[in-house]
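What follows is the content of target34.cif (mmCIF, C-alpha atoms).
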```cif
data_structure
loop_
_atom_site.label_atom_id
_atom_site.label_comp_id
_atom_site.auth_asym_id
_atom_site.auth_seq_id
_atom_site.Cartn_x
_atom_site.Cartn_y
_atom_site.Cartn_z
CA MET F 18 110.22 110.43 99.07
CA ALA F 19 109.85 109.07 102.58
CA GLY F 20 107.27 106.85 104.21
CA ASP F 21 106.47 105.02 107.42
CA ASN F 22 107.03 101.71 105.68
CA PRO F 23 108.58 100.60 102.37
CA TYR F 24 105.23 100.48 100.60
CA GLN F 25 104.25 103.98 101.71
CA ALA F 26 107.64 105.34 100.64
CA PHE F 27 107.08 103.78 97.24
CA VAL F 28 103.57 105.20 96.97
CA ASN F 29 104.83 108.66 97.90
CA PHE F 30 107.43 108.31 95.14
CA ARG F 31 105.07 106.92 92.52
CA ASP F 32 102.02 109.14 92.92
CA PRO F 33 103.60 112.48 91.91
CA LEU F 34 105.09 110.82 88.83
CA GLN F 35 101.70 109.45 87.92
CA LYS F 36 100.13 112.86 88.40
CA ALA F 37 102.77 114.48 86.18
CA ILE F 38 102.20 111.92 83.43
CA SER F 39 98.48 112.68 83.55
CA CYS F 40 99.29 116.11 82.11
CA VAL F 41 100.04 114.53 78.72
CA SER F 42 98.11 111.27 78.69
CA LYS F 43 94.70 110.13 79.80
CA GLU F 44 95.67 106.52 79.34
CA ALA F 45 99.12 106.16 80.83
CA HIS F 46 97.95 105.63 84.35
CA VAL F 47 99.23 102.13 84.65
CA TRP F 48 102.73 101.71 85.91
CA ALA F 49 104.52 98.42 85.78
CA LEU F 50 106.46 96.75 88.51
CA LEU F 51 107.95 93.37 88.84
CA GLY F 52 105.67 91.05 90.73
CA THR F 53 104.60 92.26 94.13
CA ASN F 54 108.11 93.29 95.05
CA GLY F 55 108.24 96.80 93.66
CA TYR F 56 108.85 98.09 97.15
CA ARG F 57 110.95 95.32 98.69
CA PRO F 58 113.86 97.10 100.40
CA GLY F 59 117.37 96.72 99.10
CA GLU F 60 116.44 95.45 95.65
CA ASP F 61 116.53 97.29 92.35
CA HIS F 62 113.23 98.02 90.62
CA THR F 63 112.14 99.87 87.51
CA LEU F 64 109.06 102.04 87.17
CA VAL F 65 107.61 102.70 83.71
CA PRO F 66 104.37 104.18 82.41
CA LYS F 67 101.87 102.16 80.46
CA THR F 68 103.35 98.73 81.20
CA GLY F 69 106.55 99.74 79.49
CA ASP F 70 105.14 100.60 76.11
CA PRO F 71 105.65 104.11 74.71
CA VAL F 72 103.04 106.66 75.67
CA ARG F 73 101.50 108.23 72.57
CA LEU F 74 101.30 112.02 72.91
CA ARG F 75 98.62 114.05 71.19
CA GLY F 76 99.66 117.17 69.35
CA GLN F 77 101.02 118.68 66.17
CA ASN F 78 103.96 116.27 66.08
CA GLU F 79 103.63 112.51 66.35
CA LEU F 80 105.65 111.73 69.45
CA ASP F 81 105.92 109.01 72.06
CA LEU F 82 107.10 109.44 75.63
CA VAL F 83 109.44 106.77 76.98
CA SER F 84 110.25 107.07 80.67
CA GLN F 85 112.10 104.69 82.96
CA ILE F 86 113.14 105.20 86.56
CA TRP F 87 115.38 102.69 88.33
CA TYR F 88 115.00 102.92 92.10
CA ARG F 89 115.51 101.22 95.44
CA VAL F 90 113.69 101.50 98.76
CA ASN F 91 116.14 102.02 101.60
CA ALA F 92 115.97 102.59 105.33
CA ALA F 93 116.77 106.20 106.16
CA GLU F 94 117.22 108.32 109.24
CA GLY F 95 115.76 111.64 110.36
CA ASP F 96 113.28 113.59 108.26
CA ARG F 97 113.95 111.36 105.28
CA GLY F 98 113.04 108.19 107.10
CA PRO F 99 112.27 105.69 108.23
CA TRP F 100 111.98 104.51 104.60
CA LYS F 101 112.99 106.37 101.48
CA VAL F 102 113.06 105.76 97.75
CA GLU F 103 116.42 106.41 96.15
CA THR F 104 116.59 107.00 92.40
CA LEU F 105 119.41 104.96 90.88
CA ALA F 106 118.96 105.93 87.24
CA TYR F 107 116.51 107.64 84.92
CA SER F 108 115.75 107.98 81.25
CA HIS F 109 113.08 110.37 80.01
CA GLY F 110 112.85 110.56 76.24
CA LEU F 111 110.71 111.57 73.31
CA GLU F 112 110.63 109.40 70.21
CA THR F 113 108.92 109.34 66.86
CA THR F 114 106.15 106.79 66.63
CA ASP F 115 108.49 104.45 64.74
CA ALA F 116 110.88 104.36 67.70
CA GLN F 117 113.44 106.87 66.47
CA GLU F 118 114.90 108.86 69.34
CA VAL F 119 114.31 112.59 69.18
CA ILE F 120 115.70 113.63 72.55
CA ALA F 121 116.48 111.73 75.72
CA TYR F 122 117.59 112.86 79.15
CA GLN F 123 119.44 110.17 81.06
CA TRP F 124 121.45 109.41 84.17
CA HIS F 125 122.56 105.84 84.71
CA PRO F 126 125.75 105.74 86.78
CA GLY F 127 125.44 102.11 87.85
CA GLN F 128 124.21 100.46 84.68
CA GLY F 129 127.48 99.57 83.01
CA SER F 130 128.14 102.78 81.11
CA ARG F 131 131.31 104.86 81.38
CA ILE F 132 129.06 107.93 81.29
CA THR F 133 128.15 108.61 84.88
CA TYR F 134 126.92 112.19 84.69
CA PRO F 135 123.41 113.34 83.72
CA HIS F 136 123.29 113.95 80.01
CA MET F 137 121.15 114.45 76.93
CA HIS F 138 121.05 112.62 73.63
CA LEU F 139 119.82 113.98 70.33
CA GLY F 140 118.62 111.31 67.94
CA SER F 141 117.84 110.62 64.33
CA GLY F 142 114.14 111.20 65.00
CA ILE F 143 114.86 114.91 64.73
CA GLY F 144 114.95 114.36 60.98
CA ALA F 145 118.26 116.05 60.29
CA ASP F 146 121.80 114.80 59.87
CA LEU F 147 123.27 115.34 63.31
CA GLY F 148 126.74 114.06 62.52
CA ILE F 149 128.77 113.51 65.65
CA LEU F 150 126.04 115.01 67.84
CA GLU F 151 124.11 111.77 67.48
CA LYS F 152 126.93 109.89 69.21
CA VAL F 153 127.72 112.14 72.13
CA HIS F 154 126.50 112.65 75.69
CA ILE F 155 125.71 116.32 76.22
CA PRO F 156 126.06 117.17 79.92
CA THR F 157 123.01 118.44 81.78
CA GLY F 158 122.08 118.85 85.40
CA ARG F 159 119.61 116.43 86.90
CA VAL F 160 116.47 116.60 84.81
CA ALA F 161 113.04 115.93 86.27
CA LEU F 162 110.28 114.18 84.37
CA GLU F 163 108.29 117.39 84.75
CA ASP F 164 110.98 119.33 82.87
CA VAL F 165 110.60 117.00 79.91
CA LEU F 166 106.81 117.10 79.95
CA ARG F 167 106.78 120.89 80.19
CA PHE F 168 109.26 121.08 77.29
CA ALA F 169 107.08 118.74 75.22
CA ILE F 170 104.01 120.90 75.82
CA THR F 171 105.50 124.35 75.44
CA GLU F 172 108.09 123.71 72.73
CA LEU F 173 107.01 120.65 70.77
CA GLY F 174 103.30 121.20 70.50
CA VAL F 175 102.13 118.35 72.69
CA GLU F 176 98.54 118.93 73.78
CA PRO F 177 98.12 118.98 77.57
CA GLN F 178 95.43 116.62 78.79
CA ARG F 179 94.33 118.58 81.81
CA ASP F 180 93.56 122.27 82.28
CA ASP F 181 95.73 122.61 85.34
CA TRP F 182 98.84 121.10 83.79
CA GLU F 183 101.10 124.02 84.69
CA GLU F 184 100.12 123.99 88.36
CA THR F 185 100.26 120.21 88.41
CA LEU F 186 103.76 120.01 86.97
CA THR F 187 104.96 122.81 89.24
CA GLY F 188 103.48 121.07 92.27
CA THR F 189 104.92 117.64 91.60
CA GLN F 190 108.29 119.07 90.62
CA ASP F 191 108.42 121.16 93.80
CA LYS F 192 107.86 117.98 95.79
CA PHE F 193 110.56 116.16 93.83
CA GLU F 194 113.05 118.98 94.38
CA GLU F 195 112.22 119.15 98.08
CA TRP F 196 113.12 115.49 98.54
CA ARG F 197 115.96 114.98 96.10
CA THR F 198 119.39 114.62 97.65
CA TRP F 199 121.42 115.92 94.72
CA HIS F 200 121.22 118.10 91.66
CA GLY F 201 123.69 119.35 89.09
CA SER F 202 126.17 116.72 87.94
CA GLY F 203 125.36 114.43 90.82
CA PRO F 204 127.18 111.43 92.23
CA ALA F 205 129.19 109.20 89.89
CA SER F 206 127.59 106.17 91.47
CA PRO F 207 124.15 105.77 93.01
CA MET C 7 89.43 121.04 77.60
CA GLU C 8 88.16 118.08 79.49
CA GLN C 9 89.45 117.98 83.03
CA THR C 10 90.81 114.54 83.72
CA ALA C 11 90.80 113.05 87.15
CA HIS C 12 94.10 111.30 87.51
CA THR C 13 94.58 111.97 91.15
CA SER C 14 93.89 108.36 92.02
CA VAL C 15 96.66 106.12 90.86
CA ASP C 16 96.05 102.87 89.09
CA THR C 17 99.22 100.88 89.40
CA ARG C 18 99.71 97.56 87.74
CA GLU C 19 102.19 95.13 89.18
CA LEU C 20 103.45 92.79 86.52
CA SER C 21 104.08 89.13 87.11
CA ARG C 22 107.48 87.80 86.17
CA GLU C 23 105.96 86.38 83.00
CA GLU C 24 104.41 89.73 82.12
CA GLY C 25 107.71 91.42 82.88
CA ARG C 26 109.46 89.15 80.41
CA GLY C 27 106.76 89.99 77.88
CA LEU C 28 107.38 93.69 78.40
CA PHE C 29 111.11 93.15 77.98
CA ASP C 30 110.62 91.08 74.85
CA ARG C 31 108.34 93.69 73.24
CA GLN C 32 110.85 96.44 73.82
CA ALA C 33 113.76 94.34 72.51
CA ARG C 34 111.83 93.72 69.32
CA ARG C 35 110.75 97.35 69.07
CA TYR C 36 114.18 98.86 69.46
CA LEU C 37 116.61 96.18 68.35
CA ASP C 38 114.63 93.75 66.23
CA MET C 39 115.61 90.84 68.44
CA SER C 40 113.90 88.82 71.14
CA GLY C 41 114.32 89.56 74.82
CA ASP C 42 116.14 86.27 75.30
CA GLU C 43 118.50 87.11 72.48
CA PHE C 44 119.26 90.46 74.09
CA LEU C 45 119.92 88.80 77.45
CA SER C 46 122.26 86.30 75.83
CA LYS C 47 124.24 89.05 74.11
CA TRP C 48 124.21 91.12 77.31
CA ASP C 49 125.58 88.25 79.36
CA ASP C 50 128.27 87.62 76.75
CA GLY C 51 129.37 91.24 77.01
CA GLU C 52 128.63 91.79 73.37
CA PHE C 53 127.27 95.29 73.86
CA GLY C 54 130.11 96.55 76.05
CA ASP C 55 129.18 99.99 77.34
CA PRO C 56 125.42 100.03 76.71
CA ASP C 57 125.37 103.79 76.14
CA ASP C 58 128.31 103.88 73.72
CA ARG C 59 126.52 105.43 70.76
CA THR C 60 129.47 104.80 68.45
CA LYS C 61 128.72 101.11 68.84
CA ASN C 62 125.16 100.67 70.07
CA PRO C 63 121.80 102.13 69.05
CA PRO C 64 119.80 103.98 71.75
CA GLY C 65 117.69 100.92 72.45
CA VAL C 66 120.52 99.04 74.15
CA MET C 67 120.61 101.46 77.08
CA LEU C 68 116.83 101.45 77.29
CA LEU C 69 116.83 97.65 77.48
CA ALA C 70 119.57 97.74 80.11
CA MET C 71 117.31 99.97 82.20
CA LEU C 72 114.55 97.36 82.01
CA LEU C 73 116.68 94.50 83.31
CA PRO C 74 114.97 94.49 86.75
CA PHE C 75 111.89 93.16 84.97
CA VAL C 76 113.68 89.97 84.01
CA ARG C 77 116.48 89.58 86.52
#
```

Let me see whether you can do it: turn the structure in this file into structure tokens.
Amino acid sequence: MAGDNPYQAFVNFRDPLQKAISCVSKEAHVWALLGTNGYRPGEDHTLVPKTGDPVRLRGQNELDLVSQIWYRVNAAEGDRGPWKVETLAYSHGLETTDAQEVIAYQWHPGQGSRITYPHMHLGSGIGADLGILEKVHIPTGRVALEDVLRFAITELGVEPQRDDWEETLTGTQDKFEEWRTWHGSGPASP
Amino acid sequence: MEQTAHTSVDTRELSREEGRGLFDRQARRYLDMSGDEFLSKWDDGEFGDPDDRTKNPPGVMLLAMLLPFVR
């Protein structure tokens, strides 16, 4: 997302994510940043819903949403400037309410892991013996937060918290896909 | 269904102290250790690859992603 200044670029990045989250939670409209520097250029920041605590999802299964986005505000040229937010890593997961991972979509090429491609984890929160599947990184393309929220609603019985959730998720995802600079396996480093 | 109005965004910027609190809560939630204990182990290289699921539980990578709140 671009902006005329670092703060505006950050706001243009943050607001669609907030709107997407509102499809599954009426409470998770507080996002946490470090100090007042969540948009200082050239530094790494993390954005999380609900001050970093899991977001309880209403529905037939007791699930929490855990989402983290690591980003940086950079100067950019052309249509993507003069300031742009670059995503450096993401993790969008669903857990049981006792913190057992059910499924997590991640990409974290610069965070010390040998796994640099976007991938998915299946966890013990599924409630079945997964054997080796619990240890592996299943390749995916780049996964948007909206993909995970839509999956939670349509496949896992999470109750949407607004009537227009389909249009909302489509709209924010369209914006994300318009501005993203990669998809598929992506770069091996941010 | 009640139509919620989430179009305005309420963003909270955490102080460094609050950021450390966030980090500590998540370390206890996922790994049953304090945030400081995690940082000490992280700095000592004890976790190695944070997303190596043969060695580490899922919470290690999640804590690694939260490091900007404390570093």

Tell me, counting only C-alpha atoms, for each residue of chain F within 9 Å of chain C, which pair of atoms is nearest and how far apart they are in Å to one decimal, in rows ordered by chain and increasing number, as a tab-separated table.
```
residue	atom	partner	partner_atom	distance
F:Arg31	CA	C:Val15	CA	8.6
F:Asp32	CA	C:Val15	CA	6.5
F:Gln35	CA	C:Val15	CA	6.7
F:Lys36	CA	C:Thr13	CA	6.3
F:Ser39	CA	C:His12	CA	6.1
F:Cys40	CA	C:Thr10	CA	8.8
F:Lys43	CA	C:Thr10	CA	7.1
F:His46	CA	C:Asp16	CA	5.8
F:Val47	CA	C:Thr17	CA	4.9
F:Trp48	CA	C:Thr17	CA	5.0
F:Ala49	CA	C:Arg18	CA	5.3
F:Leu50	CA	C:Glu19	CA	4.6
F:Leu51	CA	C:Leu20	CA	5.1
F:Gly52	CA	C:Ser21	CA	4.4
F:Thr53	CA	C:Glu19	CA	6.2
F:Asn54	CA	C:Glu19	CA	8.5
F:Gly55	CA	C:Glu19	CA	7.7
F:Asp61	CA	C:Pro74	CA	6.5
F:His62	CA	C:Pro74	CA	5.5
F:Thr63	CA	C:Pro74	CA	6.1
F:Leu64	CA	C:Leu72	CA	8.9
F:Val65	CA	C:Leu72	CA	8.9
F:Lys67	CA	C:Arg18	CA	8.9
F:Thr68	CA	C:Leu28	CA	7.0
F:Gly69	CA	C:Leu28	CA	6.2
F:Asp70	CA	C:Gln32	CA	7.4
F:Gln85	CA	C:Met71	CA	7.1
F:Ile86	CA	C:Met71	CA	8.0
F:Trp87	CA	C:Met71	CA	7.0
F:Ala106	CA	C:Met71	CA	8.0
F:Tyr107	CA	C:Met71	CA	8.2
F:Ser108	CA	C:Leu68	CA	7.7
F:Asp115	CA	C:Arg35	CA	8.6
F:Ala116	CA	C:Tyr36	CA	6.7
F:Gln117	CA	C:Tyr36	CA	8.6
F:Glu118	CA	C:Pro64	CA	7.3
F:His125	CA	C:Met71	CA	8.3
F:Gln128	CA	C:Ala70	CA	7.1
F:Gly129	CA	C:Asp55	CA	5.9
F:Ser130	CA	C:Asp55	CA	4.8
F:Arg131	CA	C:Asp55	CA	6.7
F:Ile132	CA	C:Asp57	CA	7.6
F:His138	CA	C:Pro64	CA	8.9
F:Gly140	CA	C:Pro64	CA	8.3
F:Glu151	CA	C:Arg59	CA	7.5
F:Lys152	CA	C:Arg59	CA	4.7
F:Val153	CA	C:Arg59	CA	7.0
F:His154	CA	C:Arg59	CA	8.7
F:Pro177	CA	C:Met7	CA	8.9
F:Gln178	CA	C:Thr10	CA	7.1
F:Arg179	CA	C:Gln9	CA	5.1
F:Asp180	CA	C:Gln9	CA	6.0
F:Asp181	CA	C:Gln9	CA	8.1
```

Seminar exercise, completed: One residue among F:Leu111, F:Ala145, F:Leu139, F:Val102 is nearest to Thr198 in chain F when using all atoms listed in the file, and that residue is F:Val102

Problem set entry | Spatial neighbours of Gly20 in chain F, 8 Å, only C-alpha atoms, chain gap at least 2 places, as a ChimeraX atom specification | /F:18,22-27,29,98-101

Problem set entry | Pick from F:Arg159, F:Asp146, F:Arg197, F:Ala93 nearest to Trp124 in chain F, counting only C-alpha atoms |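 Closest candidate: F:Arg159.
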
For this session: Tell me which protein, DNA and RNA residues are within 9 Å of Pro204 in chain F, counting only C-alpha atoms, leaving out same-chain ones fewer than 4 positions away, and put them as a ChimeraX atom specification.
Result: /F:126,133-134,199-200

Exercise. When you draw a straight line from CA of His109 in chain F to CA of Ser84 in chain F, how long is it in Å?
Worked result: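 Distance reported for this atom pair: 4.4 Å.
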
For this session: Please evaluate the PyMOL selection byres ((chain C and resi 44) around 10) against the displayed coordinates and give the resulting residues as a PyMOL selection string.
Result: chain C and resi 29-30+33-34+37-43+45-50+52-53+66+69-70

Exercise. Do you have the CA of Thr157 in chain F-CA of Ser202 in chain F distance handy?
Worked result: 7.1 Å

For this session: Quote the spacing between CA of Pro58 in chain F and CA of Arg97 in chain F in Å to one decimal place.
Result: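 Computing it gives 15.1 Å between the two atoms.
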
For this session: Mind checking which residues fall within 8 Å of Pro71 in chain F, counting only C-alpha atoms, ignoring those fewer than 6 positions away in the same chain, and posting them as a list of chain:residue names?
Result: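 The neighbour list is F:Asp81, F:Leu82, F:Val83.
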
Using C-alpha atoms, can you write the selected residues to a file as a short mmCIF file (atom, residue, chain, number, x, y, z; two decimals), keeping the file's coordinate frame?
```
data_model
loop_
_atom_site.label_atom_id
_atom_site.label_comp_id
_atom_site.auth_asym_id
_atom_site.auth_seq_id
_atom_site.Cartn_x
_atom_site.Cartn_y
_atom_site.Cartn_z
CA ASP F 81 105.92 109.01 72.06
CA LEU F 82 107.10 109.44 75.63
CA VAL F 83 109.44 106.77 76.98
#
```

For this session: Run the PyMOL selection byres ((chain F and resi 74) around 8) mentally over the shown coordinates, then write out the matched residues as a ChimeraX atom specification, using the chain letters and numbers from the document.
Result: /F:41-42,72-73,75-76,79-82,175-176

Problem set entry | Nearest to Glu112 in chain F, chosen from F:His136, F:Gly142, F:Gly127, F:Asn91, with all atoms listed in the file counted in the distances | F:Gly142

Problem set entry | All residues 6 Å or closer to range 183-191 of chain F, only C-alpha atoms, same chain fewer than 5 positions away omitted, as a ChimeraX atom specification | /F:33,37,163
